[in-house]
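The structure appears right after this line, and notes come after that.
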Amino acid sequence: MGLSRRVAMIGAGMTRFHHRIHADKTSRELLVEAAVEAEGSVDRDFRIRDVEALFIGNFSSDAFEKQAHTASLAVDWLGLAPRPSTRVEDACASSGVALNMGAMAIASGAYNVVLVAGVEKMRTLSTEEVTDTLAMAADAIYEVGAGFTFPGLYAAIANAHFSRHGSSWEELAAVSIKNHGNGKLNPKAHFQQDIMETARSLGERKGMTFRDELEFLRSQLNPVIAYPLRLFDCCPISDGAAAVILASEEVARRYTDTPVHLRGFGQASDSMALHDREDLTSLRATTLAASQAYRMAGLNAEDIDVADVHDCFTIAEVLATEDLGFFPKGEGGKAAVEGRTSLKGDKPVNPDGGLKAKGHPVGATGAAMAYEIFNQLRGEAGEHQVADAEVGLVHNVGASGATVAVQIFGR
Amino acid sequence: MAEFTSKSFSDYLREKRIRGTECRDCGAVHLPPRPLCPNCSSRELDWVDLGSEGVIKSFTVIYVPLTRMQGRSPYTVGVVRLDDGPSISGLILDVGSEDEVTVGSRVKAEFISEGDRVSLCFRLI
């Protein structure tokens, strides 16, 4: 499988992800902000009106804002009507899948320039209501009906992984510590404090002091959400939007001398319910989507210099780094403990802080990952730049692994 | 014959029966029942009765619950593999701590009614 026309990313933008600063904005304003920044990031002669079609990832503005038909709203508020605009909903993988669809739309010859964006405005609801809404991405009758929350599903994955591989919560903590450290270096991240700074500021209020990260993470200030996952194993609830501009290779040259080439992509599905999977310790859809992308790119896991993977929970990053082939099964957590996935490690993962620290406005996440890889491969990622990054991978998961989209980009 | 729906599944639970579907073409057994075999796409299916005992494949103890379950946390929910083959999710009754349960614990089904709803739950044995 290959593309009949090659596709490149020529621009990318995103709002900061945050729980409070966007309180007075709705999805439409967040989308416009991200798209306008993407427009401005294109090196020359680009106007948003050059976009011929839009693919908009959005999980549930229906529940969060009582607003459906998000793609129509996007094209209207970007002044791009009557161009076609399509909403893609695949839970947390919405804009990762939208990116694949945008690429295919260009590869087919239908369009030369496509805007792929994603948005979620989540902080309209209470934490309890958000928990209910996110649970809609799982099997409503047979998983949520049984009492599972969304963190609960990943917690069950974690316990299965611990039991099978002898892995531990301390390994999950290493992922959290690493991602918060990276978030500190990313001005777009929701959390821009490392864990020790967080421990100090939260501890001060309670009159508590902590020797190190693990002492804080084991304390009552880091309560269990769904055993074994604690608060700092879970991504926060954030508002935000992200947008990238794709173009056919020949048209891309008009706008930039340094396009970021889409080398390969993949998408795969698994059973909706966790209980229908033979193996709970691996996301089969990740393995399959990645192998499609590797094959299309003519690359393998060793060739990836930087990866943005779907760490909605710390255990999800462990699974991702194993299922993408970076580390053997059962050793993803150990790799995090050893610093191999840190900014200066041999396999940097989530240099932007990941969903854990950067935030996870559900529908915006896939596009925000592509934004990060766009900047990494152009050497424009600032303080969290990975040295000499030439090949980058994006890994976006829907719910507990029923949908996975992967892209591989090259300089 | 009852249609292969979640309604039928629930009606059987009310009779304290765990009924799934079995594919006449490939032999796969599905729980809950399916209108089409997810293994081979066959529409040739029969109801099959499944035994009530099984083993916990994985679990979690929920401390931040769904709004529907507020006031009942911490509670435990698990993925249970029945001895007859298929797996399903369910509450593990009267387990309020991770110290009381483990992957591999054996359980037996209980049928819990709440209003007009019947849930397939499990208890440690």
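Order determines the names: the first chain of the structure tokens is A, the second B, and so forth; residues in each chain are numbered 1 upward, and ligands are numbered 1 upward as they are shown.
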*With a distance cut-off of 9 Å and only C-alpha atoms, select the neighbouring residues of B:Leu36, excluding the residue or stretch itself and same-chain residues fewer than 6 positions from it, and output the selection as number ranges by chain.*
B: 4, 23, 42-45
*Compute the set of chain B residues within 6 Å of chain A, using only C-alpha atoms, and express it as a ChimeraX atom specification.*
/B:58-64,66,79,87-91
*What gap, in Å, lies between atom CA of B:Val48 and atom CA of B:Phe122?*
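Result for atom CA of B:Val48 versus atom CA of B:Phe122: 19.8 Å, one decimal.
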*Tell me which protein, DNA and RNA residues are within 7 Å of A:Asn350, counting only C-alpha atoms, leaving out same-chain ones fewer than 6 positions away, and put them as a list in words.*
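Result of the neighbour search: Asn179, Ala307, Asp308 and Val309 of chain A.
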*Please run DSSP on the backbone and report, as a list of chain:residue names, all residues within stretch 265-316 of chain A that come out as alpha helix (DSSP H).*
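Filtering stretch 265-316 of chain A to alpha helix (DSSP H) leaves A:Arg284, A:Ala285, A:Thr286, A:Thr287, A:Leu288, A:Ala289, A:Ala290, A:Ser291, A:Gln292, A:Ala293, A:Tyr294, A:Arg295, A:Met296, A:Ala297, A:Thr314, A:Ile315, A:Ala316.
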_Length of the atom CA of A:Glu89 to atom CA of A:Gly363 vector [Å]_ =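 Pair atom CA of A:Glu89 / atom CA of A:Gly363 returns 7.8 Å.
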*Do a neighbour search on B:Lys16 at 8 Å with only C-alpha atoms, toss out local chain neighbours closer than 2 positions, and write the hits as a PyMOL selection string.*
chain B and resi 12-14+18+110-111
*Looking only at the backbone, which of the residues in stretch 2-113 of chain B does DSSP tag as strand (DSSP E), as an MDAnalysis selection string?*
chainID B and resid 18:23 29:30 45:50 53:62 75:82 87:92 106:113
For the residues in that selection, give me N, CA and C atoms as a tab-separated table (two decimals), in the first residue's frame.
```tsv
chain	number	residue	atom	x	y	z
B	18	ILE	N	-27.11	-17.14	32.29
B	18	ILE	CA	-26.15	-16.41	31.45
B	18	ILE	C	-26.19	-17.07	30.08
B	19	ARG	N	-26.78	-16.39	29.13
B	19	ARG	CA	-26.91	-16.97	27.79
B	19	ARG	C	-26.14	-16.15	26.77
B	20	GLY	N	-25.30	-16.81	26.02
B	20	GLY	CA	-24.58	-16.17	24.94
B	20	GLY	C	-25.00	-16.77	23.61
B	21	THR	N	-24.23	-16.51	22.59
B	21	THR	CA	-24.50	-17.12	21.29
B	21	THR	C	-23.31	-17.98	20.88
B	22	GLU	N	-23.64	-19.02	20.07
B	22	GLU	CA	-22.61	-19.90	19.54
B	22	GLU	C	-22.76	-19.92	18.02
B	23	CYS	N	-21.64	-19.79	17.33
B	23	CYS	CA	-21.67	-19.76	15.86
B	23	CYS	C	-21.69	-21.19	15.31
B	29	VAL	N	-17.96	-18.81	20.65
B	29	VAL	CA	-19.01	-18.51	21.62
B	29	VAL	C	-18.88	-17.04	22.02
B	30	HIS	N	-20.02	-16.31	22.00
B	30	HIS	CA	-19.98	-14.87	22.27
B	30	HIS	C	-20.80	-14.52	23.50
B	45	LEU	N	-26.53	-18.59	14.11
B	45	LEU	CA	-26.17	-18.59	15.52
B	45	LEU	C	-27.23	-19.31	16.35
B	46	ASP	N	-26.80	-19.88	17.46
B	46	ASP	CA	-27.72	-20.49	18.43
B	46	ASP	C	-27.46	-19.90	19.81
B	47	TRP	N	-28.49	-19.89	20.64
B	47	TRP	CA	-28.29	-19.55	22.05
B	47	TRP	C	-27.51	-20.66	22.73
B	48	VAL	N	-26.67	-20.28	23.70
B	48	VAL	CA	-25.94	-21.28	24.46
B	48	VAL	C	-25.92	-20.84	25.92
B	49	ASP	N	-26.14	-21.81	26.83
B	49	ASP	CA	-26.09	-21.53	28.27
B	49	ASP	C	-24.65	-21.63	28.75
B	50	LEU	N	-24.27	-20.68	29.58
B	50	LEU	CA	-22.90	-20.66	30.10
B	50	LEU	C	-22.92	-20.81	31.62
B	53	GLU	N	-19.34	-19.81	36.86
B	53	GLU	CA	-18.05	-19.59	37.52
B	53	GLU	C	-16.96	-19.19	36.54
B	54	GLY	N	-15.99	-18.46	37.08
B	54	GLY	CA	-14.89	-18.02	36.23
B	54	GLY	C	-13.76	-17.45	37.06
B	55	VAL	N	-12.84	-16.78	36.36
B	55	VAL	CA	-11.64	-16.28	37.00
B	55	VAL	C	-11.44	-14.81	36.59
B	56	ILE	N	-10.91	-14.01	37.52
B	56	ILE	CA	-10.68	-12.59	37.22
B	56	ILE	C	-9.43	-12.44	36.34
B	57	LYS	N	-9.67	-11.92	35.13
B	57	LYS	CA	-8.58	-11.71	34.17
B	57	LYS	C	-7.85	-10.41	34.51
B	58	SER	N	-8.62	-9.39	34.89
B	58	SER	CA	-8.05	-8.19	35.49
B	58	SER	C	-9.16	-7.43	36.21
B	59	PHE	N	-8.77	-6.40	36.94
B	59	PHE	CA	-9.74	-5.70	37.79
B	59	PHE	C	-9.22	-4.31	38.09
B	60	THR	N	-10.09	-3.48	38.64
B	60	THR	CA	-9.67	-2.21	39.23
B	60	THR	C	-10.60	-1.91	40.39
B	61	VAL	N	-10.09	-1.12	41.32
B	61	VAL	CA	-10.95	-0.62	42.39
B	61	VAL	C	-11.19	0.87	42.08
B	62	ILE	N	-12.45	1.20	41.87
B	62	ILE	CA	-12.82	2.56	41.43
B	62	ILE	C	-13.03	3.45	42.65
B	75	TYR	N	-15.46	0.77	44.85
B	75	TYR	CA	-16.04	-0.52	44.45
B	75	TYR	C	-15.13	-1.16	43.40
B	76	THR	N	-15.27	-2.46	43.23
B	76	THR	CA	-14.36	-3.19	42.34
B	76	THR	C	-15.12	-3.69	41.12
B	77	VAL	N	-14.50	-3.51	39.97
B	77	VAL	CA	-15.07	-4.03	38.73
B	77	VAL	C	-13.99	-4.83	38.04
B	78	GLY	N	-14.39	-5.91	37.41
B	78	GLY	CA	-13.39	-6.80	36.82
B	78	GLY	C	-13.78	-7.29	35.44
B	79	VAL	N	-12.77	-7.80	34.75
B	79	VAL	CA	-13.00	-8.57	33.52
B	79	VAL	C	-12.90	-10.03	33.94
B	80	VAL	N	-14.01	-10.76	33.77
B	80	VAL	CA	-14.08	-12.14	34.23
B	80	VAL	C	-14.11	-13.09	33.04
B	81	ARG	N	-13.20	-14.04	33.03
B	81	ARG	CA	-13.26	-15.08	32.00
B	81	ARG	C	-14.02	-16.27	32.59
B	82	LEU	N	-15.18	-16.56	31.99
B	82	LEU	CA	-15.97	-17.69	32.46
B	82	LEU	C	-15.26	-18.99	32.12
B	87	SER	N	-15.37	-13.91	27.99
B	87	SER	CA	-15.15	-13.00	29.11
B	87	SER	C	-16.17	-11.87	29.09
B	88	ILE	N	-16.43	-11.31	30.26
B	88	ILE	CA	-17.37	-10.19	30.36
B	88	ILE	C	-16.98	-9.33	31.56
B	89	SER	N	-17.41	-8.06	31.54
B	89	SER	CA	-17.13	-7.15	32.65
B	89	SER	C	-18.25	-7.22	33.67
B	90	GLY	N	-17.91	-7.06	34.94
B	90	GLY	CA	-18.94	-7.04	35.97
B	90	GLY	C	-18.40	-6.54	37.30
B	91	LEU	N	-19.32	-6.07	38.14
B	91	LEU	CA	-18.96	-5.67	39.50
B	91	LEU	C	-18.51	-6.90	40.28
B	92	ILE	N	-17.46	-6.74	41.08
B	92	ILE	CA	-17.05	-7.80	42.00
B	92	ILE	C	-17.62	-7.37	43.36
B	106	ARG	N	-10.91	-16.54	41.86
B	106	ARG	CA	-12.09	-17.21	41.30
B	106	ARG	C	-13.36	-16.53	41.78
B	107	VAL	N	-14.35	-16.49	40.88
B	107	VAL	CA	-15.61	-15.80	41.18
B	107	VAL	C	-16.80	-16.62	40.68
B	108	LYS	N	-17.98	-16.28	41.23
B	108	LYS	CA	-19.23	-16.91	40.80
B	108	LYS	C	-20.24	-15.81	40.54
B	109	ALA	N	-21.05	-15.99	39.52
B	109	ALA	CA	-22.01	-14.94	39.11
B	109	ALA	C	-23.11	-14.75	40.13
B	110	GLU	N	-23.55	-13.49	40.26
B	110	GLU	CA	-24.78	-13.17	40.99
B	110	GLU	C	-25.59	-12.21	40.12
B	111	PHE	N	-26.90	-12.30	40.26
B	111	PHE	CA	-27.78	-11.51	39.41
B	111	PHE	C	-28.46	-10.47	40.30
B	112	ILE	N	-28.05	-9.22	40.13
B	112	ILE	CA	-28.49	-8.18	41.05
B	112	ILE	C	-29.52	-7.28	40.37
B	113	SER	N	-30.69	-7.17	41.00
B	113	SER	CA	-31.76	-6.32	40.46
B	113	SER	C	-31.72	-4.95	41.13
```
*Which distance in Å separates atom CA of A:Gln192 and atom CA of A:Glu338, to one decimal?*
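If I compute the distance from atom CA of A:Gln192 to atom CA of A:Glu338, I get 22.8 Å.
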*Give me the residues within 7 Å of stretch 107-114 of chain A as a ChimeraX atom specification, counting only C-alpha atoms and dropping any in the same chain fewer than 6 places off.*
/A:3-7,50-54,245-248,251
Just C-alpha atoms for this one: save the residues we selected as a compact mmCIF listing (two decimals), in the first residue's frame.
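Written out: part23.txt:
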```txt
# COMPACT_ATOMS: atom_id res chain seq x y z
CA LEU A 3 0.13 6.86 -1.72
CA SER A 4 -0.48 7.78 -5.33
CA ARG A 5 0.50 11.38 -4.52
CA ARG A 6 2.88 12.35 -1.76
CA VAL A 7 1.67 14.57 1.07
CA ASP A 50 -5.96 28.45 0.03
CA VAL A 51 -7.48 25.58 2.03
CA GLU A 52 -9.78 23.50 -0.19
CA ALA A 53 -11.30 21.10 2.34
CA LEU A 54 -11.43 20.60 6.11
CA ILE A 245 -2.11 22.24 7.05
CA LEU A 246 -1.44 19.44 4.58
CA ALA A 247 -0.53 19.91 0.93
CA SER A 248 0.47 17.75 -1.99
CA VAL A 251 2.06 22.41 -4.12
```
_I'd like the contact shell of B:Cys26 - 8 Å cut-off, only C-alpha atoms, skipping same-chain residues fewer than 2 positions apart - returned as a VMD selection string._
chain B and resid 23 to 24 28 39 to 40
*Neighbours of A:Asp303 within 12 Å (only C-alpha atoms; same-chain residues fewer than 3 positions away dropped), as a ChimeraX atom specification?*
/A:294,297-300,306-307,324-326,346-347,389-393,408-410
